[in-house]
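Asks: Next up, model-v2.tsv (TSV, N, CA and C atoms).
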chain	number	residue	atom	x	y	z
A	1	MET	N	38.40	2.78	-2.01
A	1	MET	CA	38.29	1.35	-2.14
A	1	MET	C	36.85	0.93	-1.88
A	2	LEU	N	36.51	-0.28	-2.21
A	2	LEU	CA	35.19	-0.80	-1.92
A	2	LEU	C	35.11	-1.17	-0.45
A	3	MET	N	33.97	-0.90	0.16
A	3	MET	CA	33.82	-1.23	1.56
A	3	MET	C	32.82	-2.37	1.71
A	4	ARG	N	33.19	-3.34	2.50
A	4	ARG	CA	32.28	-4.44	2.81
A	4	ARG	C	31.95	-4.34	4.29
A	5	THR	N	30.66	-4.20	4.60
A	5	THR	CA	30.30	-4.00	5.99
A	5	THR	C	29.42	-5.09	6.57
A	6	ASP	N	28.69	-5.79	5.74
A	6	ASP	CA	27.72	-6.77	6.24
A	6	ASP	C	28.05	-8.16	5.71
A	7	PRO	N	28.57	-9.07	6.55
A	7	PRO	CA	28.91	-10.41	6.06
A	7	PRO	C	27.69	-11.19	5.58
A	8	PHE	N	26.52	-10.92	6.14
A	8	PHE	CA	25.31	-11.63	5.71
A	8	PHE	C	24.89	-11.18	4.31
A	9	ARG	N	25.17	-9.92	3.97
A	9	ARG	CA	24.86	-9.43	2.63
A	9	ARG	C	25.71	-10.20	1.60
A	10	ASP	N	26.97	-10.45	1.96
A	10	ASP	CA	27.85	-11.21	1.05
A	10	ASP	C	27.34	-12.64	0.89
A	11	LEU	N	26.86	-13.26	1.97
A	11	LEU	CA	26.32	-14.60	1.89
A	11	LEU	C	25.05	-14.61	1.03
A	12	ASP	N	24.19	-13.61	1.23
A	12	ASP	CA	22.98	-13.49	0.42
A	12	ASP	C	23.32	-13.29	-1.05
A	13	ARG	N	24.33	-12.46	-1.33
A	13	ARG	CA	24.75	-12.21	-2.70
A	13	ARG	C	25.27	-13.50	-3.34
A	14	LEU	N	26.07	-14.27	-2.60
A	14	LEU	CA	26.59	-15.53	-3.12
A	14	LEU	C	25.45	-16.50	-3.43
A	15	THR	N	24.47	-16.58	-2.56
A	15	THR	CA	23.31	-17.46	-2.80
A	15	THR	C	22.57	-17.03	-4.06
A	16	GLN	N	22.39	-15.73	-4.24
A	16	GLN	CA	21.71	-15.24	-5.44
A	16	GLN	C	22.52	-15.49	-6.69
A	17	GLN	N	23.86	-15.40	-6.58
A	17	GLN	CA	24.71	-15.68	-7.74
A	17	GLN	C	24.53	-17.12	-8.18
A	18	ILE	N	24.49	-18.02	-7.22
A	18	ILE	CA	24.41	-19.44	-7.55
A	18	ILE	C	23.00	-19.83	-7.96
A	19	LEU	N	22.02	-19.41	-7.17
A	19	LEU	CA	20.65	-19.86	-7.40
A	19	LEU	C	19.77	-18.85	-8.12
A	20	GLY	N	20.03	-17.57	-7.90
A	20	GLY	CA	19.17	-16.54	-8.46
A	20	GLY	C	17.83	-16.54	-7.74
A	21	THR	N	16.97	-15.59	-8.10
A	21	THR	CA	15.61	-15.54	-7.57
A	21	THR	C	14.68	-15.24	-8.73
A	22	ALA	N	13.39	-15.36	-8.50
A	22	ALA	CA	12.43	-15.07	-9.57
A	22	ALA	C	12.49	-13.60	-9.96
A	23	ALA	N	12.63	-12.72	-8.96
A	23	ALA	CA	12.65	-11.29	-9.24
A	23	ALA	C	14.01	-10.82	-9.72
A	24	ARG	N	15.05	-11.48	-9.28
A	24	ARG	CA	16.40	-11.07	-9.65
A	24	ARG	C	17.25	-12.30	-9.94
A	25	PRO	N	17.51	-12.56	-11.21
A	25	PRO	CA	18.36	-13.70	-11.54
A	25	PRO	C	19.78	-13.50	-11.00
A	26	ALA	N	20.64	-14.42	-11.31
A	26	ALA	CA	22.01	-14.39	-10.80
A	26	ALA	C	22.66	-13.02	-11.01
A	27	VAL	N	23.50	-12.65	-10.06
A	27	VAL	CA	24.17	-11.35	-10.08
A	27	VAL	C	25.33	-11.38	-11.08
A	28	MET	N	25.67	-10.22	-11.62
A	28	MET	CA	26.77	-10.12	-12.58
A	28	MET	C	28.12	-10.26	-11.88
A	29	PRO	N	28.98	-11.14	-12.38
A	29	PRO	CA	30.32	-11.28	-11.79
A	29	PRO	C	31.14	-10.02	-11.97
A	30	MET	N	32.06	-9.78	-11.05
A	30	MET	CA	32.82	-8.53	-11.04
A	30	MET	C	34.27	-8.80	-10.65
A	31	ASP	N	35.18	-8.04	-11.26
A	31	ASP	CA	36.59	-7.97	-10.83
A	31	ASP	C	36.87	-6.52	-10.50
A	32	ALA	N	37.72	-6.27	-9.49
A	32	ALA	CA	38.08	-4.90	-9.13
A	32	ALA	C	39.54	-4.86	-8.71
A	33	TRP	N	40.23	-3.79	-9.12
A	33	TRP	CA	41.64	-3.64	-8.74
A	33	TRP	C	42.03	-2.17	-8.79
A	34	CYS	N	43.15	-1.88	-8.15
A	34	CYS	CA	43.70	-0.53	-8.14
A	34	CYS	C	44.81	-0.46	-9.19
A	35	GLU	N	44.79	0.59	-9.99
A	35	GLU	CA	45.74	0.76	-11.08
A	35	GLU	C	46.19	2.22	-11.10
A	36	ASP	N	47.45	2.47	-10.75
A	36	ASP	CA	47.99	3.82	-10.67
A	36	ASP	C	47.15	4.68	-9.72
A	37	ASP	N	46.55	5.75	-10.23
A	37	ASP	CA	45.77	6.64	-9.37
A	37	ASP	C	44.26	6.49	-9.62
A	38	ARG	N	43.86	5.26	-9.94
A	38	ARG	CA	42.43	5.01	-10.17
A	38	ARG	C	42.09	3.58	-9.73
A	39	PHE	N	40.80	3.39	-9.57
A	39	PHE	CA	40.24	2.09	-9.19
A	39	PHE	C	39.44	1.60	-10.39
A	40	VAL	N	39.65	0.36	-10.81
A	40	VAL	CA	38.98	-0.18	-11.99
A	40	VAL	C	38.08	-1.33	-11.58
A	41	VAL	N	36.86	-1.33	-12.11
A	41	VAL	CA	35.90	-2.39	-11.84
A	41	VAL	C	35.36	-2.88	-13.18
A	42	GLU	N	35.33	-4.20	-13.38
A	42	GLU	CA	34.77	-4.77	-14.60
A	42	GLU	C	33.66	-5.75	-14.25
A	43	PHE	N	32.55	-5.64	-14.98
A	43	PHE	CA	31.40	-6.52	-14.81
A	43	PHE	C	31.22	-7.35	-16.07
A	44	ASP	N	30.98	-8.65	-15.91
A	44	ASP	CA	30.69	-9.51	-17.06
A	44	ASP	C	29.20	-9.43	-17.37
A	45	LEU	N	28.89	-8.99	-18.58
A	45	LEU	CA	27.51	-8.86	-19.03
A	45	LEU	C	27.36	-9.40	-20.46
A	46	PRO	N	27.74	-10.65	-20.70
A	46	PRO	CA	27.63	-11.16	-22.07
A	46	PRO	C	26.18	-11.23	-22.53
A	47	GLY	N	25.97	-10.88	-23.78
A	47	GLY	CA	24.63	-10.94	-24.35
A	47	GLY	C	23.73	-9.78	-23.98
A	48	VAL	N	24.27	-8.78	-23.30
A	48	VAL	CA	23.49	-7.61	-22.89
A	48	VAL	C	23.80	-6.46	-23.85
A	49	GLN	N	22.75	-5.83	-24.34
A	49	GLN	CA	22.91	-4.67	-25.22
A	49	GLN	C	23.26	-3.45	-24.37
A	50	VAL	N	24.15	-2.61	-24.86
A	50	VAL	CA	24.60	-1.44	-24.11
A	50	VAL	C	23.42	-0.53	-23.75
A	51	GLU	N	22.37	-0.50	-24.59
A	51	GLU	CA	21.20	0.34	-24.33
A	51	GLU	C	20.43	-0.10	-23.08
A	52	SER	N	20.59	-1.36	-22.68
A	52	SER	CA	19.85	-1.85	-21.51
A	52	SER	C	20.62	-1.68	-20.21
A	53	ILE	N	21.82	-1.11	-20.28
A	53	ILE	CA	22.63	-0.91	-19.07
A	53	ILE	C	22.34	0.46	-18.49
A	54	ASP	N	22.09	0.49	-17.19
A	54	ASP	CA	21.81	1.73	-16.48
A	54	ASP	C	22.82	1.87	-15.35
A	55	LEU	N	23.48	3.01	-15.29
A	55	LEU	CA	24.51	3.26	-14.28
A	55	LEU	C	24.13	4.50	-13.51
A	56	ASP	N	23.91	4.37	-12.20
A	56	ASP	CA	23.51	5.50	-11.35
A	56	ASP	C	24.53	5.68	-10.23
A	57	VAL	N	24.77	6.94	-9.87
A	57	VAL	CA	25.63	7.26	-8.74
A	57	VAL	C	24.85	8.14	-7.79
A	58	GLU	N	24.78	7.72	-6.53
A	58	GLU	CA	24.12	8.53	-5.52
A	58	GLU	C	25.00	8.52	-4.28
A	59	ARG	N	25.54	9.69	-3.96
A	59	ARG	CA	26.51	9.85	-2.88
A	59	ARG	C	27.68	8.91	-3.08
A	60	ASP	N	27.83	7.91	-2.19
A	60	ASP	CA	28.96	6.99	-2.29
A	60	ASP	C	28.55	5.61	-2.81
A	61	THR	N	27.40	5.53	-3.48
A	61	THR	CA	26.90	4.25	-3.98
A	61	THR	C	26.73	4.29	-5.50
A	62	VAL	N	27.33	3.29	-6.15
A	62	VAL	CA	27.18	3.13	-7.60
A	62	VAL	C	26.27	1.92	-7.82
A	63	THR	N	25.23	2.10	-8.62
A	63	THR	CA	24.31	1.01	-8.92
A	63	THR	C	24.37	0.72	-10.42
A	64	VAL	N	24.59	-0.55	-10.74
A	64	VAL	CA	24.62	-1.00	-12.13
A	64	VAL	C	23.42	-1.91	-12.34
A	65	ARG	N	22.60	-1.60	-13.35
A	65	ARG	CA	21.46	-2.44	-13.72
A	65	ARG	C	21.60	-2.79	-15.19
A	66	ALA	N	21.28	-4.01	-15.52
A	66	ALA	CA	21.31	-4.44	-16.92
A	66	ALA	C	20.22	-5.46	-17.13
A	67	GLN	N	19.83	-5.64	-18.38
A	67	GLN	CA	18.78	-6.61	-18.68
A	67	GLN	C	19.17	-7.46	-19.88
A	68	ARG	N	19.06	-8.76	-19.69
A	68	ARG	CA	19.24	-9.71	-20.79
A	68	ARG	C	17.84	-10.17	-21.16
A	69	PRO	N	17.44	-10.01	-22.42
A	69	PRO	CA	16.07	-10.34	-22.82
A	69	PRO	C	15.75	-11.82	-22.61
A	70	GLY	N	14.48	-12.07	-22.33
A	70	GLY	CA	14.01	-13.44	-22.17
A	70	GLY	C	13.90	-14.15	-23.50
A	71	LEU	N	13.69	-15.44	-23.43
A	71	LEU	CA	13.55	-16.25	-24.63
A	71	LEU	C	12.09	-16.30	-25.08
A	72	ASP	N	11.89	-16.67	-26.31
A	72	ASP	CA	10.55	-16.81	-26.86
A	72	ASP	C	9.85	-17.97	-26.15
A	73	ASP	N	8.67	-17.69	-25.60
A	73	ASP	CA	7.90	-18.73	-24.87
A	73	ASP	C	7.46	-19.87	-25.78
A	74	LYS	N	7.43	-19.62	-27.07
A	74	LYS	CA	6.97	-20.66	-28.00
A	74	LYS	C	8.05	-21.72	-28.26
A	75	GLN	N	9.28	-21.39	-27.90
A	75	GLN	CA	10.37	-22.34	-28.12
A	75	GLN	C	10.36	-23.42	-27.04
A	76	GLU	N	10.61	-24.64	-27.46
A	76	GLU	CA	10.74	-25.72	-26.49
A	76	GLU	C	12.22	-25.82	-26.13
A	77	MET	N	12.53	-25.46	-24.90
A	77	MET	CA	13.92	-25.40	-24.47
A	77	MET	C	14.43	-26.79	-24.12
A	78	VAL	N	15.62	-27.10	-24.58
A	78	VAL	CA	16.29	-28.35	-24.24
A	78	VAL	C	17.17	-28.11	-23.01
A	79	ALA	N	17.80	-26.94	-22.97
A	79	ALA	CA	18.60	-26.53	-21.82
A	79	ALA	C	18.48	-25.02	-21.68
A	80	SER	N	18.38	-24.54	-20.47
A	80	SER	CA	18.29	-23.11	-20.21
A	80	SER	C	19.07	-22.80	-18.94
A	81	GLU	N	20.36	-22.55	-19.09
A	81	GLU	CA	21.23	-22.33	-17.95
A	81	GLU	C	21.66	-20.87	-17.79
A	82	ARG	N	21.52	-20.08	-18.85
A	82	ARG	CA	21.94	-18.69	-18.76
A	82	ARG	C	20.82	-17.86	-18.16
A	83	PRO	N	21.12	-17.10	-17.11
A	83	PRO	CA	20.07	-16.29	-16.47
A	83	PRO	C	19.58	-15.18	-17.39
A	84	ARG	N	18.32	-14.89	-17.30
A	84	ARG	CA	17.66	-13.84	-18.10
A	84	ARG	C	16.99	-12.86	-17.16
A	85	GLY	N	16.66	-11.72	-17.68
A	85	GLY	CA	15.94	-10.72	-16.90
A	85	GLY	C	16.84	-9.58	-16.47
A	86	VAL	N	16.52	-8.98	-15.31
A	86	VAL	CA	17.21	-7.80	-14.81
A	86	VAL	C	18.30	-8.22	-13.82
A	87	PHE	N	19.48	-7.63	-14.01
A	87	PHE	CA	20.59	-7.83	-13.11
A	87	PHE	C	20.87	-6.52	-12.40
A	88	SER	N	21.29	-6.58	-11.16
A	88	SER	CA	21.59	-5.37	-10.42
A	88	SER	C	22.73	-5.63	-9.45
A	89	ARG	N	23.58	-4.62	-9.31
A	89	ARG	CA	24.71	-4.74	-8.41
A	89	ARG	C	25.04	-3.36	-7.87
A	90	GLN	N	25.34	-3.27	-6.58
A	90	GLN	CA	25.72	-1.99	-5.99
A	90	GLN	C	27.14	-2.06	-5.45
A	91	LEU	N	27.85	-0.95	-5.62
A	91	LEU	CA	29.19	-0.80	-5.06
A	91	LEU	C	29.15	0.37	-4.09
A	92	PHE	N	29.70	0.16	-2.91
A	92	PHE	CA	29.79	1.23	-1.93
A	92	PHE	C	31.22	1.74	-1.95
A	93	LEU	N	31.39	3.00	-2.34
A	93	LEU	CA	32.71	3.58	-2.53
A	93	LEU	C	33.22	4.19	-1.23
A	94	GLY	N	34.50	4.01	-0.98
A	94	GLY	CA	35.13	4.63	0.17
A	94	GLY	C	35.33	6.12	-0.08
A	95	GLU	N	35.69	6.85	0.96
A	95	GLU	CA	35.89	8.29	0.86
A	95	GLU	C	37.08	8.66	-0.01
A	96	ASN	N	37.96	7.70	-0.26
A	96	ASN	CA	39.16	8.01	-1.05
A	96	ASN	C	38.91	7.97	-2.55
A	97	LEU	N	37.70	7.64	-2.99
A	97	LEU	CA	37.38	7.62	-4.42
A	97	LEU	C	36.49	8.80	-4.77
A	98	ASP	N	36.57	9.25	-6.03
A	98	ASP	CA	35.82	10.42	-6.49
A	98	ASP	C	34.66	9.98	-7.39
A	99	PRO	N	33.45	9.84	-6.84
A	99	PRO	CA	32.31	9.37	-7.64
A	99	PRO	C	31.86	10.36	-8.71
A	100	ASP	N	32.28	11.61	-8.62
A	100	ASP	CA	31.88	12.62	-9.62
A	100	ASP	C	32.64	12.46	-10.94
A	101	LYS	N	33.71	11.69	-10.95
A	101	LYS	CA	34.53	11.57	-12.15
A	101	LYS	C	34.61	10.14	-12.68
A	102	ILE	N	33.58	9.34	-12.42
A	102	ILE	CA	33.55	7.96	-12.90
A	102	ILE	C	33.41	7.95	-14.42
A	103	GLU	N	34.19	7.09	-15.07
A	103	GLU	CA	34.08	6.89	-16.51
A	103	GLU	C	33.64	5.45	-16.74
A	104	ALA	N	32.79	5.23	-17.76
A	104	ALA	CA	32.29	3.88	-18.05
A	104	ALA	C	32.45	3.59	-19.54
A	105	SER	N	32.82	2.34	-19.84
A	105	SER	CA	32.89	1.89	-21.22
A	105	SER	C	32.38	0.45	-21.28
A	106	TYR	N	31.91	0.04	-22.47
A	106	TYR	CA	31.36	-1.30	-22.64
A	106	TYR	C	31.91	-1.88	-23.93
A	107	ASP	N	32.57	-3.05	-23.81
A	107	ASP	CA	33.17	-3.67	-24.97
A	107	ASP	C	33.17	-5.19	-24.79
A	108	ALA	N	32.70	-5.90	-25.80
A	108	ALA	CA	32.72	-7.37	-25.82
A	108	ALA	C	32.07	-7.98	-24.59
A	109	GLY	N	30.97	-7.39	-24.13
A	109	GLY	CA	30.24	-7.95	-23.00
A	109	GLY	C	30.82	-7.63	-21.64
A	110	VAL	N	31.76	-6.68	-21.59
A	110	VAL	CA	32.37	-6.29	-20.31
A	110	VAL	C	32.16	-4.80	-20.08
A	111	LEU	N	31.51	-4.47	-18.96
A	111	LEU	CA	31.32	-3.08	-18.55
A	111	LEU	C	32.49	-2.71	-17.64
A	112	ARG	N	33.22	-1.65	-18.02
A	112	ARG	CA	34.39	-1.23	-17.24
A	112	ARG	C	34.13	0.15	-16.65
A	113	LEU	N	34.26	0.26	-15.33
A	113	LEU	CA	34.17	1.54	-14.64
A	113	LEU	C	35.56	1.92	-14.18
A	114	THR	N	35.92	3.17	-14.42
A	114	THR	CA	37.19	3.70	-13.94
A	114	THR	C	36.86	4.82	-12.97
A	115	ILE	N	37.29	4.63	-11.71
A	115	ILE	CA	36.95	5.58	-10.65
A	115	ILE	C	38.25	6.17	-10.13
A	116	PRO	N	38.48	7.48	-10.35
A	116	PRO	CA	39.74	8.07	-9.89
A	116	PRO	C	39.80	8.20	-8.37
A	117	ILE	N	41.02	8.11	-7.86
A	117	ILE	CA	41.23	8.35	-6.44
A	117	ILE	C	41.11	9.85	-6.21
A	118	ALA	N	40.38	10.24	-5.18
A	118	ALA	CA	40.14	11.66	-4.89
A	118	ALA	C	41.46	12.37	-4.58
A	119	GLU	N	41.56	13.62	-5.00
A	119	GLU	CA	42.77	14.40	-4.76
A	119	GLU	C	43.13	14.44	-3.28
A	120	LYS	N	42.11	14.56	-2.42
A	120	LYS	CA	42.37	14.67	-0.99
A	120	LYS	C	42.93	13.37	-0.41
A	121	ALA	N	42.76	12.25	-1.12
A	121	ALA	CA	43.25	10.97	-0.64
A	121	ALA	C	44.63	10.61	-1.16
A	122	LYS	N	45.11	11.37	-2.15
A	122	LYS	CA	46.42	11.08	-2.74
A	122	LYS	C	47.53	11.55	-1.79
A	123	PRO	N	48.62	10.80	-1.74
A	123	PRO	CA	49.74	11.24	-0.90
A	123	PRO	C	50.32	12.55	-1.45
A	124	ARG	N	50.76	13.39	-0.56
A	124	ARG	CA	51.35	14.66	-0.99
A	124	ARG	C	52.51	15.01	-0.06
A	125	LYS	N	53.38	15.85	-0.53
A	125	LYS	CA	54.55	16.27	0.22
A	125	LYS	C	54.21	17.54	0.98
A	126	ILE	N	54.59	17.59	2.24
A	126	ILE	CA	54.37	18.77	3.08
A	126	ILE	C	55.73	19.43	3.30
A	127	GLU	N	55.82	20.72	2.99
A	127	GLU	CA	57.07	21.43	3.20
A	127	GLU	C	57.18	21.84	4.66
A	128	ILE	N	58.36	21.67	5.19
A	128	ILE	CA	58.61	22.01	6.60
A	128	ILE	C	59.39	23.32	6.63
A	129	SER	N	58.87	24.28	7.36
A	129	SER	CA	59.56	25.57	7.46
A	129	SER	C	60.55	25.52	8.61
A	130	ASN	N	61.60	26.32	8.51
A	130	ASN	CA	62.66	26.34	9.51
A	130	ASN	C	62.59	27.67	10.25
A	131	HIS	N	62.20	27.63	11.51
A	131	HIS	CA	62.11	28.84	12.34
A	131	HIS	C	63.21	28.86	13.39
A	132	SER	N	64.27	28.15	13.18
A	132	SER	CA	65.32	28.05	14.19
A	132	SER	C	66.45	29.05	13.98
A	133	GLU	N	66.25	30.04	13.13
A	133	GLU	CA	67.29	31.05	12.93
A	133	GLU	C	67.47	31.85	14.22
A	134	ARG	N	68.72	32.11	14.58
A	134	ARG	CA	69.00	32.87	15.80
A	134	ARG	C	69.12	34.36	15.46
A	135	ARG	N	68.58	35.13	16.34
A	135	ARG	CA	68.66	36.57	16.15
A	135	ARG	C	69.42	37.17	17.35
A	136	ALA	N	70.18	38.18	17.06
A	136	ALA	CA	70.94	38.86	18.13
A	136	ALA	C	69.98	39.72	18.94
A	137	VAL	N	70.13	39.64	20.24
A	137	VAL	CA	69.29	40.43	21.12
A	137	VAL	C	70.13	41.58	21.66
A	138	THR	N	69.68	42.80	21.51
A	138	THR	CA	70.41	43.95	22.03
A	138	THR	C	69.67	44.47	23.25
A	139	ALA	N	70.45	44.80	24.27
A	139	ALA	CA	69.84	45.30	25.51
A	139	ALA	C	70.40	46.63	25.88
Let me see the file written as structure tokens.
Replies:
Amino acid sequence: MLMRTDPFRDLDRLTQQILGTAARPAVMPMDAWCEDDRFVVEFDLPGVQVESIDLDVERDTVTVRAQRPGLDDKQEMVASERPRGVFSRQLFLGENLDPDKIEASYDAGVLRLTIPIAEKAKPRKIEISNHSERRAVTA
């Protein structure tokens, strides 16, 4: 599962989502849920070309970077509400997920990551042996 450890990081992330910064515009919105034996995460990236998306995995951290191109400076903008530039988001994976088997797909402006639950984290049945058989003792 995703781990959240720093409440101030979440507050900072929310502020960046709403206001953005010069170096990093608003963050990409995300949905995440558990489905059968995998964890699914979807990022909204409308207007982003698949070639500009970069997905890195290092230990238990997944980093998604994407870029939406800027507008022509020669245009006189009447309204400019859609964030442009580089977007970045990190996910910290719990020990129960397998980062080595992440699958990614991109369709209609949505990046979907499928992260399988690690075999060691899946429930399993343990067989119980019976050692209560009585044996005759001869003296």
Asks: Report as a ChimeraX atom specification all protein, DNA and RNA residues lying within 8 Å of range 61-77 of chain A, evaluated on all atoms listed in the file, omitting residues in the same chain fewer than 3 positions from it.
Replies: /A:45-49,51-58,80,83-94,99
Asks: I need the residues from that last selection saved to file as a PDB file, keeping the file's coordinate frame (with N, CA and C atoms), if you can.
Replies:
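Listed below is the output, result_4.pdb:
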ATOM      1  N   LEU A  45      28.890  -8.990 -18.580  1.00  0.00           N
ATOM      2  CA  LEU A  45      27.510  -8.860 -19.030  1.00  0.00           C
ATOM      3  C   LEU A  45      27.360  -9.400 -20.460  1.00  0.00           C
ATOM      4  N   PRO A  46      27.740 -10.650 -20.700  1.00  0.00           N
ATOM      5  CA  PRO A  46      27.630 -11.160 -22.070  1.00  0.00           C
ATOM      6  C   PRO A  46      26.180 -11.230 -22.530  1.00  0.00           C
ATOM      7  N   GLY A  47      25.970 -10.880 -23.780  1.00  0.00           N
ATOM      8  CA  GLY A  47      24.630 -10.940 -24.350  1.00  0.00           C
ATOM      9  C   GLY A  47      23.730  -9.780 -23.980  1.00  0.00           C
ATOM     10  N   VAL A  48      24.270  -8.780 -23.300  1.00  0.00           N
ATOM     11  CA  VAL A  48      23.490  -7.610 -22.890  1.00  0.00           C
ATOM     12  C   VAL A  48      23.800  -6.460 -23.850  1.00  0.00           C
ATOM     13  N   GLN A  49      22.750  -5.830 -24.340  1.00  0.00           N
ATOM     14  CA  GLN A  49      22.910  -4.670 -25.220  1.00  0.00           C
ATOM     15  C   GLN A  49      23.260  -3.450 -24.370  1.00  0.00           C
ATOM     16  N   GLU A  51      22.370  -0.500 -24.590  1.00  0.00           N
ATOM     17  CA  GLU A  51      21.200   0.340 -24.330  1.00  0.00           C
ATOM     18  C   GLU A  51      20.430  -0.100 -23.080  1.00  0.00           C
ATOM     19  N   SER A  52      20.590  -1.360 -22.680  1.00  0.00           N
ATOM     20  CA  SER A  52      19.850  -1.850 -21.510  1.00  0.00           C
ATOM     21  C   SER A  52      20.620  -1.680 -20.210  1.00  0.00           C
ATOM     22  N   ILE A  53      21.820  -1.110 -20.280  1.00  0.00           N
ATOM     23  CA  ILE A  53      22.630  -0.910 -19.070  1.00  0.00           C
ATOM     24  C   ILE A  53      22.340   0.460 -18.490  1.00  0.00           C
ATOM     25  N   ASP A  54      22.090   0.490 -17.190  1.00  0.00           N
ATOM     26  CA  ASP A  54      21.810   1.730 -16.480  1.00  0.00           C
ATOM     27  C   ASP A  54      22.820   1.870 -15.350  1.00  0.00           C
ATOM     28  N   LEU A  55      23.480   3.010 -15.290  1.00  0.00           N
ATOM     29  CA  LEU A  55      24.510   3.260 -14.280  1.00  0.00           C
ATOM     30  C   LEU A  55      24.130   4.500 -13.510  1.00  0.00           C
ATOM     31  N   ASP A  56      23.910   4.370 -12.200  1.00  0.00           N
ATOM     32  CA  ASP A  56      23.510   5.500 -11.350  1.00  0.00           C
ATOM     33  C   ASP A  56      24.530   5.680 -10.230  1.00  0.00           C
ATOM     34  N   VAL A  57      24.770   6.940  -9.870  1.00  0.00           N
ATOM     35  CA  VAL A  57      25.630   7.260  -8.740  1.00  0.00           C
ATOM     36  C   VAL A  57      24.850   8.140  -7.790  1.00  0.00           C
ATOM     37  N   GLU A  58      24.780   7.720  -6.530  1.00  0.00           N
ATOM     38  CA  GLU A  58      24.120   8.530  -5.520  1.00  0.00           C
ATOM     39  C   GLU A  58      25.000   8.520  -4.280  1.00  0.00           C
ATOM     40  N   SER A  80      18.380 -24.540 -20.470  1.00  0.00           N
ATOM     41  CA  SER A  80      18.290 -23.110 -20.210  1.00  0.00           C
ATOM     42  C   SER A  80      19.070 -22.800 -18.940  1.00  0.00           C
ATOM     43  N   PRO A  83      21.120 -17.100 -17.110  1.00  0.00           N
ATOM     44  CA  PRO A  83      20.070 -16.290 -16.470  1.00  0.00           C
ATOM     45  C   PRO A  83      19.580 -15.180 -17.390  1.00  0.00           C
ATOM     46  N   ARG A  84      18.320 -14.890 -17.300  1.00  0.00           N
ATOM     47  CA  ARG A  84      17.660 -13.840 -18.100  1.00  0.00           C
ATOM     48  C   ARG A  84      16.990 -12.860 -17.160  1.00  0.00           C
ATOM     49  N   GLY A  85      16.660 -11.720 -17.680  1.00  0.00           N
ATOM     50  CA  GLY A  85      15.940 -10.720 -16.900  1.00  0.00           C
ATOM     51  C   GLY A  85      16.840  -9.580 -16.470  1.00  0.00           C
ATOM     52  N   VAL A  86      16.520  -8.980 -15.310  1.00  0.00           N
ATOM     53  CA  VAL A  86      17.210  -7.800 -14.810  1.00  0.00           C
ATOM     54  C   VAL A  86      18.300  -8.220 -13.820  1.00  0.00           C
ATOM     55  N   PHE A  87      19.480  -7.630 -14.010  1.00  0.00           N
ATOM     56  CA  PHE A  87      20.590  -7.830 -13.110  1.00  0.00           C
ATOM     57  C   PHE A  87      20.870  -6.520 -12.400  1.00  0.00           C
ATOM     58  N   SER A  88      21.290  -6.580 -11.160  1.00  0.00           N
ATOM     59  CA  SER A  88      21.590  -5.370 -10.420  1.00  0.00           C
ATOM     60  C   SER A  88      22.730  -5.630  -9.450  1.00  0.00           C
ATOM     61  N   ARG A  89      23.580  -4.620  -9.310  1.00  0.00           N
ATOM     62  CA  ARG A  89      24.710  -4.740  -8.410  1.00  0.00           C
ATOM     63  C   ARG A  89      25.040  -3.360  -7.870  1.00  0.00           C
ATOM     64  N   GLN A  90      25.340  -3.270  -6.580  1.00  0.00           N
ATOM     65  CA  GLN A  90      25.720  -1.990  -5.990  1.00  0.00           C
ATOM     66  C   GLN A  90      27.140  -2.060  -5.450  1.00  0.00           C
ATOM     67  N   LEU A  91      27.850  -0.950  -5.620  1.00  0.00           N
ATOM     68  CA  LEU A  91      29.190  -0.800  -5.060  1.00  0.00           C
ATOM     69  C   LEU A  91      29.150   0.370  -4.090  1.00  0.00           C
ATOM     70  N   PHE A  92      29.700   0.160  -2.910  1.00  0.00           N
ATOM     71  CA  PHE A  92      29.790   1.230  -1.930  1.00  0.00           C
ATOM     72  C   PHE A  92      31.220   1.740  -1.950  1.00  0.00           C
ATOM     73  N   LEU A  93      31.390   3.000  -2.340  1.00  0.00           N
ATOM     74  CA  LEU A  93      32.710   3.580  -2.530  1.00  0.00           C
ATOM     75  C   LEU A  93      33.220   4.190  -1.230  1.00  0.00           C
ATOM     76  N   GLY A  94      34.500   4.010  -0.980  1.00  0.00           N
ATOM     77  CA  GLY A  94      35.130   4.630   0.170  1.00  0.00           C
ATOM     78  C   GLY A  94      35.330   6.120  -0.080  1.00  0.00           C
ATOM     79  N   PRO A  99      33.450   9.840  -6.840  1.00  0.00           N
ATOM     80  CA  PRO A  99      32.310   9.370  -7.640  1.00  0.00           C
ATOM     81  C   PRO A  99      31.860  10.360  -8.710  1.00  0.00           C
TER      82      PRO A  99
END
Asks: In Å, rounded to a single decimal, give me how far atom N of Pro29 in chain A is from atom C of Glu81 in chain A.
Replies: 13.3 Å
Asks: Rounded to one decimal in Å, what is the spacing between CA of Glu103 in chain A and CA of Pro123 in chain A?
Replies: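 Those two atoms sit 22.5 Å apart.
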Asks: What is the CA of Leu111 in chain A-CA of Glu95 in chain A distance in Å, reported with one decimal?
Replies: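 Calculated distance between CA of Leu111 in chain A and CA of Glu95 in chain A is 23.0 Å.
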Asks: Excluding Ile117 in chain A and any residue of its chain fewer than 2 positions from it, enumerate the residues within 8 Å of it, using all atoms listed in the file, and give them as a list in words.
Replies: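 The neighbour list is Met1, Asp36, Asp37, Arg38, Phe39, Glu95, Asn96, Leu97, Asp98, Pro99, Thr114, Ile115, Glu119, Lys120, Ala121 and Lys122 of chain A.
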Asks: Applying 6.5 Å and only N, CA and C atoms, which residues near Phe43 in chain A remain after dropping the ones on its own chain fewer than 3 positions away? List them as an MDAnalysis selection string.
Replies: chainID A and resid 28:31 109:113
Asks: Kindly indicate which residue among A:Ile102, A:Ala108, A:Ala32, A:Val78 lies nearest to Val50 in chain A, using only C-alpha atoms for the distances.
Replies: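 Closest residue, counting only C-alpha atoms: A:Ala108.
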Asks: Please give the complete set of residues from range 47-113 of chain A that DSSP, run on the backbone, assigns to helix (DSSP H, G or I), formatted as a PyMOL selection string.
Replies: chain A and resi 50-52+99-101
Asks: Just the strand (DSSP E) stuff from range 54-132 of chain A, please, per backbone DSSP, written as a PyMOL selection string.
Replies: chain A and resi 54-58+61-68+85-92+103-107+110-116
